[in-house]
file protein_1.txt (compact mmCIF, C-alpha atoms)
# COMPACT_ATOMS: atom_id res chain seq x y z
CA MET A 1 1.73 13.70 12.67
CA VAL A 2 -1.52 11.80 13.10
CA ASN A 3 -2.30 10.80 16.65
CA TYR A 4 -3.77 7.37 16.14
CA MET A 5 -4.84 7.13 19.78
CA GLU A 6 -7.33 9.91 19.10
CA GLU A 7 -8.61 8.48 15.83
CA THR A 8 -12.14 7.18 16.05
CA ASN A 9 -12.19 5.67 12.55
CA VAL A 10 -8.93 3.76 12.51
CA PRO A 11 -8.51 2.32 9.03
CA THR A 12 -8.42 -1.45 8.94
CA MET A 13 -6.89 -3.68 6.33
CA PRO A 14 -6.95 -7.38 5.54
CA LEU A 15 -3.86 -9.31 6.53
CA ILE A 16 -1.79 -12.03 4.87
CA GLY A 17 -3.59 -15.36 4.99
CA GLU A 18 -7.04 -13.77 5.22
CA LYS A 19 -9.72 -13.77 2.54
CA ALA A 20 -9.47 -10.56 0.52
CA PRO A 21 -12.65 -8.53 0.97
CA GLU A 22 -15.09 -8.68 -1.96
CA PHE A 23 -15.80 -5.44 -3.81
CA GLU A 24 -17.57 -4.26 -6.91
CA ALA A 25 -16.07 -1.20 -8.55
CA PRO A 26 -16.17 0.81 -11.76
CA THR A 27 -13.04 0.37 -13.87
CA THR A 28 -11.74 1.34 -17.28
CA GLN A 29 -13.02 -2.05 -18.46
CA GLY A 30 -16.46 -2.00 -16.89
CA THR A 31 -17.71 -2.88 -13.45
CA LEU A 32 -15.55 -5.59 -11.92
CA LYS A 33 -15.88 -7.67 -8.78
CA LEU A 34 -12.94 -9.23 -6.98
CA SER A 35 -14.67 -12.60 -7.44
CA ASP A 36 -14.43 -12.13 -11.23
CA TYR A 37 -10.78 -13.10 -10.75
CA LYS A 38 -11.50 -16.45 -9.09
CA GLY A 39 -9.13 -19.04 -10.54
CA SER A 40 -6.41 -16.49 -11.38
CA TRP A 41 -3.73 -14.85 -9.32
CA LEU A 42 -4.36 -11.12 -9.00
CA ILE A 43 -2.08 -8.18 -8.29
CA LEU A 44 -4.30 -5.39 -6.98
CA PHE A 45 -2.22 -2.23 -6.76
CA SER A 46 -2.89 1.39 -5.96
CA HIS A 47 -1.15 4.53 -7.20
CA PRO A 48 -1.45 8.07 -5.82
CA ALA A 49 -2.84 9.86 -8.86
CA ASP A 50 -3.15 9.87 -12.64
CA PHE A 51 -0.91 12.22 -14.66
CA THR A 52 1.89 12.14 -12.09
CA PRO A 53 5.49 11.25 -12.95
CA VAL A 54 6.36 8.27 -10.74
CA CYS A 55 2.95 6.67 -11.36
CA THR A 56 3.42 7.02 -15.10
CA THR A 57 6.77 5.21 -14.95
CA GLU A 58 5.18 2.51 -12.81
CA PHE A 59 2.27 1.99 -15.18
CA MET A 60 4.63 1.62 -18.12
CA ALA A 61 6.66 -0.87 -16.09
CA PHE A 62 3.53 -2.82 -15.07
CA ALA A 63 2.48 -2.90 -18.74
CA GLU A 64 5.93 -4.28 -19.61
CA ILE A 65 5.68 -7.21 -17.18
CA TYR A 66 1.97 -7.88 -17.86
CA PRO A 67 2.66 -10.55 -20.55
CA GLU A 68 5.03 -12.32 -18.15
CA LEU A 69 2.40 -12.16 -15.42
CA GLN A 70 -0.26 -13.55 -17.76
CA LYS A 71 2.02 -16.50 -18.52
CA ARG A 72 1.87 -17.12 -14.77
CA ASN A 73 -1.98 -16.98 -14.72
CA THR A 74 -1.75 -13.59 -13.02
CA GLU A 75 -3.85 -10.50 -13.74
CA LEU A 76 -3.24 -6.85 -12.91
CA LEU A 77 -5.83 -4.44 -11.50
CA GLY A 78 -4.82 -0.84 -10.78
CA LEU A 79 -6.59 1.64 -8.51
CA SER A 80 -6.56 5.29 -7.61
CA VAL A 81 -9.15 7.75 -6.34
CA ASP A 82 -9.38 9.39 -9.78
CA SER A 83 -12.41 9.08 -12.06
CA THR A 84 -12.84 6.63 -14.93
CA SER A 85 -12.59 9.57 -17.35
CA SER A 86 -9.29 10.64 -15.81
CA HIS A 87 -7.95 7.07 -16.04
CA ILE A 88 -9.00 6.81 -19.69
CA ALA A 89 -7.42 10.18 -20.54
CA TRP A 90 -4.18 9.24 -18.77
CA VAL A 91 -3.97 5.80 -20.37
CA ARG A 92 -4.54 7.38 -23.79
CA ASN A 93 -1.87 9.98 -23.02
CA VAL A 94 0.66 7.32 -21.96
CA GLU A 95 0.03 5.48 -25.23
CA GLU A 96 0.23 8.65 -27.33
CA LYS A 97 3.29 10.22 -25.68
CA MET A 98 5.20 7.20 -24.40
CA GLY A 99 4.07 4.53 -26.86
CA VAL A 100 2.98 2.14 -24.11
CA LYS A 101 -0.50 0.60 -24.19
CA ILE A 102 -2.07 -0.09 -20.79
CA THR A 103 -4.29 -3.12 -21.32
CA PHE A 104 -5.22 -3.98 -17.75
CA PRO A 105 -8.19 -2.36 -15.97
CA ILE A 106 -7.93 0.49 -13.44
CA ILE A 107 -10.47 1.01 -10.65
CA ALA A 108 -11.94 4.49 -10.34
CA ASP A 109 -12.25 4.63 -6.57
CA LEU A 110 -13.71 8.13 -6.27
CA ASN A 111 -15.64 7.27 -3.11
CA LYS A 112 -12.54 5.54 -1.61
CA GLU A 113 -14.61 2.43 -0.95
CA VAL A 114 -12.04 -0.10 -2.16
CA SER A 115 -8.98 1.83 -0.96
CA SER A 116 -10.50 2.07 2.53
CA LEU A 117 -11.34 -1.63 2.49
CA PHE A 118 -7.71 -2.48 1.77
CA GLY A 119 -6.05 0.22 3.91
CA MET A 120 -4.51 1.97 0.93
CA ILE A 121 -4.87 5.48 2.32
CA HIS A 122 -2.26 6.38 4.92
CA PRO A 123 -3.33 9.76 6.29
CA ALA A 124 0.11 10.73 7.52
CA GLN A 125 1.35 10.41 3.92
CA SER A 126 -1.70 11.85 2.22
CA LYS A 127 -5.35 12.16 3.19
CA THR A 128 -6.45 12.39 -0.43
CA GLU A 129 -4.25 9.92 -2.30
CA THR A 130 -3.57 6.22 -2.03
CA VAL A 131 -0.03 5.09 -1.24
CA ARG A 132 1.71 2.61 -3.54
CA ALA A 133 0.18 -0.60 -2.22
CA VAL A 134 0.44 -4.06 -3.77
CA PHE A 135 -1.85 -6.91 -2.75
CA VAL A 136 -1.12 -10.35 -4.20
CA ILE A 137 -4.29 -12.44 -4.10
CA ASP A 138 -4.28 -16.14 -4.98
CA PRO A 139 -6.83 -18.02 -7.13
CA GLU A 140 -8.91 -18.79 -4.02
CA GLY A 141 -9.08 -15.14 -3.04
CA ILE A 142 -6.58 -15.39 -0.17
CA LEU A 143 -4.18 -12.51 0.43
CA ARG A 144 -0.68 -13.85 0.03
CA THR A 145 1.57 -10.77 0.00
CA ILE A 146 1.20 -7.10 0.91
CA LEU A 147 3.72 -4.41 -0.06
CA TYR A 148 3.60 -0.71 0.75
CA TYR A 149 5.79 1.94 -0.83
CA PRO A 150 5.70 5.67 -0.08
CA LEU A 151 4.55 8.23 -2.61
CA THR A 152 8.10 9.07 -3.65
CA THR A 153 9.40 5.56 -4.38
CA GLY A 154 8.45 3.66 -7.53
CA ARG A 155 7.99 -0.08 -7.23
CA ASN A 156 10.36 -2.79 -8.45
CA MET A 157 8.62 -4.93 -11.07
CA GLN A 158 11.20 -7.71 -10.92
CA GLU A 159 10.41 -8.10 -7.23
CA ILE A 160 6.71 -8.40 -8.04
CA LEU A 161 7.43 -11.10 -10.64
CA ARG A 162 9.76 -12.80 -8.15
CA ILE A 163 7.01 -12.86 -5.51
CA ILE A 164 4.59 -14.53 -7.93
CA ASP A 165 7.24 -17.11 -8.89
CA ALA A 166 8.05 -17.74 -5.23
CA LEU A 167 4.43 -18.15 -4.13
CA GLN A 168 3.60 -20.44 -7.04
CA THR A 169 6.74 -22.50 -6.39
CA THR A 170 5.81 -22.80 -2.72
CA ASP A 171 2.28 -23.92 -3.58
CA GLU A 172 3.40 -26.44 -6.17
CA HIS A 173 6.34 -28.00 -4.33
CA LYS A 174 5.59 -27.30 -0.63
CA VAL A 175 8.94 -25.59 -0.14
CA ALA A 176 10.12 -22.14 0.94
CA THR A 177 12.36 -19.73 -0.94
CA PRO A 178 15.47 -18.12 0.59
CA ALA A 179 16.65 -14.53 0.50
CA ASN A 180 17.20 -13.15 -2.99
CA TRP A 181 15.82 -16.36 -4.51
CA LYS A 182 14.94 -16.31 -8.16
CA LYS A 183 13.31 -18.92 -10.36
CA GLY A 184 15.71 -21.83 -10.92
CA ASP A 185 17.69 -21.31 -7.71
CA PRO A 186 17.72 -24.00 -4.98
CA VAL A 187 14.76 -23.85 -2.59
CA VAL A 188 14.58 -24.38 1.15
CA VAL A 189 13.20 -27.66 2.47
CA PRO A 190 10.79 -26.97 5.36
CA PRO A 191 12.58 -27.61 8.68
CA PRO A 192 11.80 -30.88 10.48
CA LYS A 193 9.26 -30.67 13.27
CA THR A 194 10.55 -33.45 15.53
CA ALA A 195 13.97 -34.49 16.89
CA GLU A 196 13.63 -37.78 15.05
CA ALA A 197 12.92 -36.01 11.77
CA ALA A 198 15.87 -33.66 12.43
CA GLU A 199 18.14 -36.68 12.88
CA ALA A 200 16.88 -38.19 9.66
CA ARG A 201 17.02 -34.91 7.70
CA VAL A 202 20.80 -34.81 7.28
CA LYS A 203 20.69 -38.27 5.67
CA GLU A 204 17.92 -37.44 3.19
CA GLY A 205 20.24 -36.31 0.42
CA TYR A 206 19.56 -32.58 0.57
CA ASP A 207 22.27 -29.93 0.54
CA CYS A 208 22.20 -29.39 4.31
CA LYS A 209 24.22 -26.76 6.16
CA ASP A 210 22.71 -28.11 9.34
CA TRP A 211 19.53 -30.00 10.25
CA TYR A 212 17.38 -26.83 10.09
CA LEU A 213 18.81 -25.36 6.86
CA CYS A 214 18.60 -27.67 3.87
CA PHE A 215 18.35 -26.77 0.19
CA LYS A 216 17.30 -28.77 -2.83
CA LYS A 217 17.06 -28.17 -6.58
CA LEU A 218 13.65 -28.56 -8.17
CA MET B 1 -20.33 7.51 -16.47
CA ILE B 2 -19.31 3.92 -15.84
CA ALA B 3 -17.55 2.21 -18.73
CA MET B 4 -19.25 -1.02 -19.76
CA PRO B 5 -17.34 -3.46 -21.89
CA CYS B 6 -20.27 -5.48 -23.22
CA VAL B 7 -23.23 -3.12 -23.40
CA SER B 8 -23.04 0.44 -24.81
CA PRO B 9 -24.72 3.37 -23.08
CA ASP B 10 -27.39 3.18 -25.80
CA GLY B 11 -28.23 -0.33 -24.61
CA LYS B 12 -26.75 -2.19 -27.58
CA PRO B 13 -24.04 -4.84 -27.19
CA THR B 14 -20.47 -3.66 -27.82
CA PRO B 15 -18.19 -5.70 -30.11
CA SER B 16 -16.99 -7.77 -27.13
CA GLY B 17 -20.60 -8.19 -26.03
CA MET B 18 -21.51 -9.39 -29.53
CA ALA B 19 -18.59 -11.83 -29.43
CA THR B 20 -19.96 -13.24 -26.18
CA LEU B 21 -23.49 -13.53 -27.59
CA LYS B 22 -22.14 -15.31 -30.69
CA ALA B 23 -20.16 -17.70 -28.50
CA VAL B 24 -23.31 -18.51 -26.53
CA LYS B 25 -25.24 -19.08 -29.77
CA CYS B 26 -22.49 -21.50 -30.85
CA GLY B 27 -22.94 -23.54 -27.70
CA ALA B 28 -20.56 -21.99 -25.15
CA SER B 29 -22.67 -21.63 -22.03
CA THR B 30 -20.21 -21.21 -19.15
CA PRO B 31 -17.79 -18.34 -18.48
CA GLU B 32 -14.84 -20.70 -19.03
CA ALA B 33 -16.16 -21.94 -22.38
CA ILE B 34 -16.98 -18.39 -23.49
CA SER B 35 -13.49 -17.26 -22.49
CA ASP B 36 -12.00 -20.07 -24.58
CA ALA B 37 -14.26 -19.28 -27.54
CA THR B 38 -13.72 -15.51 -27.54
CA GLY B 39 -10.15 -15.24 -26.26
CA GLN B 40 -11.29 -12.73 -23.63
CA PRO B 41 -9.84 -13.11 -20.14
CA LEU B 42 -12.14 -14.86 -17.69
CA PHE B 43 -12.58 -11.79 -15.48
CA ARG B 44 -13.79 -9.77 -18.46
CA VAL B 45 -16.18 -12.53 -19.50
CA ARG B 46 -17.71 -12.76 -16.00
CA SER B 47 -18.16 -9.00 -15.83
CA GLY B 48 -19.60 -8.88 -19.35
CA LEU B 49 -22.03 -11.71 -18.66
CA ARG B 50 -23.47 -9.74 -15.73
CA GLU B 51 -24.05 -6.78 -18.01
CA LEU B 52 -25.58 -8.87 -20.78
CA VAL B 53 -27.95 -10.54 -18.31
CA GLY B 54 -28.80 -7.13 -16.82
CA ALA B 55 -29.53 -5.76 -20.28
CA GLY B 56 -31.79 -8.71 -21.09
CA PHE B 57 -29.67 -10.31 -23.82
CA LEU B 58 -28.83 -13.43 -21.80
CA GLU B 59 -30.41 -15.41 -19.01
CA LEU B 60 -28.84 -17.76 -16.51
CA SER B 61 -30.43 -21.17 -16.14
CA ASP B 62 -28.84 -23.94 -14.03
CA ASP B 63 -25.39 -22.26 -14.24
CA ASN B 64 -25.65 -22.05 -18.04
CA TYR B 65 -26.01 -18.84 -20.03
CA LEU B 66 -28.71 -18.86 -22.70
CA LEU B 67 -29.74 -16.31 -25.30
CA THR B 68 -33.02 -14.51 -24.66
CA PRO B 69 -35.24 -13.46 -27.58
CA ASP B 70 -33.63 -9.98 -27.32
CA GLY B 71 -30.20 -11.61 -27.50
CA GLU B 72 -31.23 -13.62 -30.57
CA SER B 73 -32.60 -10.54 -32.25
CA VAL B 74 -29.33 -8.58 -32.13
CA LEU B 75 -27.28 -11.37 -33.74

call {"tool": "encode", "arguments": {"input": "protein_1.txt", "output": "structure tokens"}}
result
Amino acid sequence: MVNYMEETNVPTMPLIGEKAPEFEAPTTQGTLKLSDYKGSWLILFSHPADFTPVCTTEFMAFAEIYPELQKRNTELLGLSVDSTSSHIAWVRNVEEKMGVKITFPIIADLNKEVSSLFGMIHPAQSKTETVRAVFVIDPEGILRTILYYPLTTGRNMQEILRIIDALQTTDEHKVATPANWKKGDPVVVPPPKTAEAAEARVKEGYDCKDWYLCFKKL
Amino acid sequence: MIAMPCVSPDGKPTPSGMATLKAVKCGASTPEAISDATGQPLFRVRSGLRELVGAGFLELSDDNYLLTPDGESVL
């Protein structure tokens, strides 16, 4: 186990609500900067290594939801500490053997510059591989969601789509989304901030369980 | 070697680079207009424009991309 009290270079990571740190990195589609994505939502995600089984299933699953993400003005950008050549060989292999074309770019983070910037390497899991991290970045470059999965657990693509739907719904309608919400379900009206507003809330025509828990259909 | 989508290692524009240069020649001068004209995603256009400027095929003037004589010559 890593003793973090003795670590001198404690990895840092950006937090939800903060500006995602700018980077410039080689990818399978040329050198990209984070700011190249300004105006789009971005899912920046890391995987442990090319040519590994769980990562291969994840990449095929990301490729499957990519058209749905693009309909939501959302781009995908993968990352691992493998080389561009390794990424290209793996992507070609996935297409040849599994029939799935990977059309989004993948960062070759050989020097671990981007993965360190985003806290994607968790030394107690692996000192040489990135964990399965997901960073959802909005069109203004603000970090809106962070997910971490261990090396052994593949990610749930429907949850990633659901997060994008939820964040975009929140931005558009100034509402929150309840547990297990999916697009089309009732949303949560933000709770009132004053006693007077709480009194008024139950008469505002929402589906209220009590003054602090009210739903509405969009 | 770093993959470059718009300029080949031999210094010549790739097909997507040529598409960008043609879009600029036809009057598209901003990344958004070039994206619309070529169908390439905006992030790819922005990255490609950097390469094409670096390779001397385009220049940036008052937030508008313009063909250089080298850019004209490859079309």

call {"tool": "atom_distance", "arguments": {"input": "protein_1.txt", "atom1": "atom CA of Lys25 of chain B", "atom2": "atom CA of Pro13 of chain B"}}
result
14.5 Å

call {"tool": "closest_residue", "arguments": {"input": "protein_1.txt", "among": "A:Glu64, A:Glu58, A:Asp50, A:Asp109", "to": "Pro26 of chain A", "atoms": "all atoms listed in the file"}}
result
A:Asp109

call {"tool": "interface_residues", "arguments": {"input": "protein_1.txt", "of": "chain A", "to": "chain B", "cutoff": "7 Å", "atoms": "all atoms listed in the file", "output": "list in words"}}
result
Pro26, Thr27, Thr28, Gln29, Gly30, Thr31, Leu32, Asp36 and Tyr37 of chain A

call {"tool": "atom_distance", "arguments": {"input": "protein_1.txt", "atom1": "atom CA of Gly184 of chain A", "atom2": "atom CA of Ala166 of chain A"}}
result
10.4 Å

call {"tool": "closest_residue", "arguments": {"input": "protein_1.txt", "among": "B:Thr38, B:Ala19, B:Cys26, B:Pro9", "to": "Leu66 of chain B", "atoms": "all atoms listed in the file"}}
result
B:Cys26

call {"tool": "residues_near_point", "arguments": {"input": "protein_1.txt", "point": "(0.7, 14.1, 3.0)", "cutoff": "12 Å", "atoms": "all atoms listed in the file", "output": "PyMOL selection string"}}
result
chain A and resi 1-2+48+121-131+150-152

call {"tool": "residues_near_point", "arguments": {"input": "protein_1.txt", "point": "(-10.8, 1.6, -4.6)", "cutoff": "10 Å", "atoms": "all atoms listed in the file", "output": "JSON, numbers by chain"}}
result
{"A": [23, 24, 25, 26, 27, 44, 45, 46, 78, 79, 80, 81, 82, 106, 107, 108, 109, 110, 111, 112, 113, 114, 115, 116, 117, 118, 119, 120, 121, 130]}

call {"tool": "residues_around", "arguments": {"input": "protein_1.txt", "residues": "Gly56 of chain B", "least_positions_apart": "2", "cutoff": "8 Å", "atoms": "only C-alpha atoms", "output": "count of residues only"}}
result
8

call {"tool": "residues_around", "arguments": {"input": "protein_1.txt", "residues": "Val24 of chain B", "least_positions_apart": "3", "cutoff": "12 Å", "atoms": "only C-alpha atoms", "output": "PyMOL selection string"}}
result
chain B and resi 17-21+27-38+45+49+52+57-60+64-68+71-72+75

call {"tool": "residues_around", "arguments": {"input": "protein_1.txt", "residues": "Tyr206 of chain A", "least_positions_apart": "3", "cutoff": "9 Å", "atoms": "all atoms listed in the file", "output": "list in words"}}
result
Val189, Arg201, Val202, Lys203, Cys214, Phe215, Lys216 and Lys217 of chain A

call {"tool": "axis_aligned_box", "arguments": {"input": "protein_1.txt", "around": "segment 119-136 of chain A", "padding_each_side": "8 Å", "output": "JSON"}}
result
{"center_x": -2.4, "center_y": 1.0, "center_z": 1.7, "size_x": 24.2, "size_y": 38.7, "size_z": 27.7}

call {"tool": "residues_around", "arguments": {"input": "protein_1.txt", "residues": "Lys101 of chain A", "least_positions_apart": "3", "cutoff": "12 Å", "atoms": "all atoms listed in the file", "output": "PyMOL selection string"}}
result
chain A and resi 56+59-64+66+88+90-98+104-105

call {"tool": "atom_distance", "arguments": {"input": "protein_1.txt", "atom1": "atom CA of Val134 of chain A", "atom2": "atom CA of Ser85 of chain A"}}
result
23.2 Å

call {"tool": "residues_around", "arguments": {"input": "protein_1.txt", "residues": "Asp165 of chain A", "least_positions_apart": "2", "cutoff": "10 Å", "atoms": "only C-alpha atoms", "output": "VMD selection string"}}
result
chain A and resid 69 72 159 to 163 167 to 171 177 181 to 184

call {"tool": "closest_residue", "arguments": {"input": "protein_1.txt", "among": "A:Val54, A:Leu213, A:Ile142, A:Ala176", "to": "Pro192 of chain A", "atoms": "only C-alpha atoms"}}
result
A:Leu213

call {"tool": "decode", "arguments": {"input": "protein_1.txt", "residues": "segment 10-37 of chain A", "atoms": "N, CA and C atoms", "output": "PDB file, in the first residue's frame"}}
result
ATOM      1  N   VAL A  10       2.660  14.308  -4.481  1.00  0.00           N
ATOM      2  CA  VAL A  10       1.279  13.828  -4.424  1.00  0.00           C
ATOM      3  C   VAL A  10       0.564  14.274  -5.692  1.00  0.00           C
ATOM      4  N   PRO A  11       0.011  13.315  -6.444  1.00  0.00           N
ATOM      5  CA  PRO A  11      -0.657  13.720  -7.682  1.00  0.00           C
ATOM      6  C   PRO A  11      -1.879  14.595  -7.396  1.00  0.00           C
ATOM      7  N   THR A  12      -2.046  15.604  -8.203  1.00  0.00           N
ATOM      8  CA  THR A  12      -3.202  16.477  -8.035  1.00  0.00           C
ATOM      9  C   THR A  12      -4.132  16.256  -9.216  1.00  0.00           C
ATOM     10  N   MET A  13      -5.354  16.652  -9.064  1.00  0.00           N
ATOM     11  CA  MET A  13      -6.291  16.528 -10.173  1.00  0.00           C
ATOM     12  C   MET A  13      -7.287  17.669 -10.104  1.00  0.00           C
ATOM     13  N   PRO A  14      -7.793  18.092 -11.250  1.00  0.00           N
ATOM     14  CA  PRO A  14      -8.821  19.137 -11.243  1.00  0.00           C
ATOM     15  C   PRO A  14     -10.118  18.571 -10.676  1.00  0.00           C
ATOM     16  N   LEU A  15     -10.913  19.433 -10.106  1.00  0.00           N
ATOM     17  CA  LEU A  15     -12.150  19.004  -9.457  1.00  0.00           C
ATOM     18  C   LEU A  15     -13.373  19.535 -10.203  1.00  0.00           C
ATOM     19  N   ILE A  16     -14.517  18.944  -9.917  1.00  0.00           N
ATOM     20  CA  ILE A  16     -15.767  19.367 -10.565  1.00  0.00           C
ATOM     21  C   ILE A  16     -15.996  20.859 -10.326  1.00  0.00           C
ATOM     22  N   GLY A  17     -16.350  21.550 -11.395  1.00  0.00           N
ATOM     23  CA  GLY A  17     -16.597  22.984 -11.310  1.00  0.00           C
ATOM     24  C   GLY A  17     -15.386  23.822 -11.678  1.00  0.00           C
ATOM     25  N   GLU A  18     -14.207  23.186 -11.730  1.00  0.00           N
ATOM     26  CA  GLU A  18     -12.993  23.918 -12.087  1.00  0.00           C
ATOM     27  C   GLU A  18     -12.764  23.862 -13.599  1.00  0.00           C
ATOM     28  N   LYS A  19     -11.965  24.795 -14.079  1.00  0.00           N
ATOM     29  CA  LYS A  19     -11.564  24.791 -15.485  1.00  0.00           C
ATOM     30  C   LYS A  19     -10.654  23.582 -15.717  1.00  0.00           C
ATOM     31  N   ALA A  20     -10.928  22.815 -16.732  1.00  0.00           N
ATOM     32  CA  ALA A  20     -10.045  21.682 -17.045  1.00  0.00           C
ATOM     33  C   ALA A  20      -8.713  22.224 -17.540  1.00  0.00           C
ATOM     34  N   PRO A  21      -7.613  21.643 -17.099  1.00  0.00           N
ATOM     35  CA  PRO A  21      -6.304  22.173 -17.497  1.00  0.00           C
ATOM     36  C   PRO A  21      -6.029  21.972 -18.993  1.00  0.00           C
ATOM     37  N   GLU A  22      -5.520  23.020 -19.615  1.00  0.00           N
ATOM     38  CA  GLU A  22      -5.196  22.954 -21.056  1.00  0.00           C
ATOM     39  C   GLU A  22      -4.033  21.987 -21.274  1.00  0.00           C
ATOM     40  N   PHE A  23      -4.049  21.300 -22.384  1.00  0.00           N
ATOM     41  CA  PHE A  23      -2.923  20.440 -22.771  1.00  0.00           C
ATOM     42  C   PHE A  23      -2.814  20.435 -24.284  1.00  0.00           C
ATOM     43  N   GLU A  24      -1.679  20.007 -24.745  1.00  0.00           N
ATOM     44  CA  GLU A  24      -1.470  19.769 -26.177  1.00  0.00           C
ATOM     45  C   GLU A  24      -0.805  18.409 -26.261  1.00  0.00           C
ATOM     46  N   ALA A  25      -1.384  17.497 -27.022  1.00  0.00           N
ATOM     47  CA  ALA A  25      -0.891  16.120 -26.989  1.00  0.00           C
ATOM     48  C   ALA A  25      -0.983  15.464 -28.354  1.00  0.00           C
ATOM     49  N   PRO A  26      -0.038  14.561 -28.641  1.00  0.00           N
ATOM     50  CA  PRO A  26      -0.142  13.795 -29.884  1.00  0.00           C
ATOM     51  C   PRO A  26      -1.272  12.775 -29.783  1.00  0.00           C
ATOM     52  N   THR A  27      -2.028  12.648 -30.856  1.00  0.00           N
ATOM     53  CA  THR A  27      -3.135  11.678 -30.883  1.00  0.00           C
ATOM     54  C   THR A  27      -3.104  10.924 -32.209  1.00  0.00           C
ATOM     55  N   THR A  28      -4.004   9.983 -32.334  1.00  0.00           N
ATOM     56  CA  THR A  28      -4.126   9.245 -33.593  1.00  0.00           C
ATOM     57  C   THR A  28      -4.686  10.114 -34.713  1.00  0.00           C
ATOM     58  N   GLN A  29      -5.123  11.323 -34.368  1.00  0.00           N
ATOM     59  CA  GLN A  29      -5.637  12.239 -35.392  1.00  0.00           C
ATOM     60  C   GLN A  29      -4.882  13.558 -35.353  1.00  0.00           C
ATOM     61  N   GLY A  30      -3.599  13.486 -35.055  1.00  0.00           N
ATOM     62  CA  GLY A  30      -2.778  14.692 -35.035  1.00  0.00           C
ATOM     63  C   GLY A  30      -2.670  15.280 -33.645  1.00  0.00           C
ATOM     64  N   THR A  31      -1.939  16.393 -33.563  1.00  0.00           N
ATOM     65  CA  THR A  31      -1.756  17.042 -32.271  1.00  0.00           C
ATOM     66  C   THR A  31      -3.014  17.823 -31.918  1.00  0.00           C
ATOM     67  N   LEU A  32      -3.574  17.533 -30.769  1.00  0.00           N
ATOM     68  CA  LEU A  32      -4.808  18.203 -30.345  1.00  0.00           C
ATOM     69  C   LEU A  32      -4.579  18.939 -29.042  1.00  0.00           C
ATOM     70  N   LYS A  33      -5.267  20.073 -28.919  1.00  0.00           N
ATOM     71  CA  LYS A  33      -5.303  20.820 -27.663  1.00  0.00           C
ATOM     72  C   LYS A  33      -6.702  20.650 -27.063  1.00  0.00           C
ATOM     73  N   LEU A  34      -6.784  20.757 -25.750  1.00  0.00           N
ATOM     74  CA  LEU A  34      -8.113  20.717 -25.137  1.00  0.00           C
ATOM     75  C   LEU A  34      -8.984  21.845 -25.709  1.00  0.00           C
ATOM     76  N   SER A  35      -8.367  23.017 -25.928  1.00  0.00           N
ATOM     77  CA  SER A  35      -9.145  24.168 -26.405  1.00  0.00           C
ATOM     78  C   SER A  35      -9.686  23.964 -27.823  1.00  0.00           C
ATOM     79  N   ASP A  36      -9.188  22.952 -28.542  1.00  0.00           N
ATOM     80  CA  ASP A  36      -9.762  22.645 -29.857  1.00  0.00           C
ATOM     81  C   ASP A  36     -11.221  22.218 -29.729  1.00  0.00           C
ATOM     82  N   TYR A  37     -11.607  21.800 -28.524  1.00  0.00           N
ATOM     83  CA  TYR A  37     -12.974  21.312 -28.295  1.00  0.00           C
ATOM     84  C   TYR A  37     -13.913  22.393 -27.787  1.00  0.00           C
TER      85      TYR A  37
END
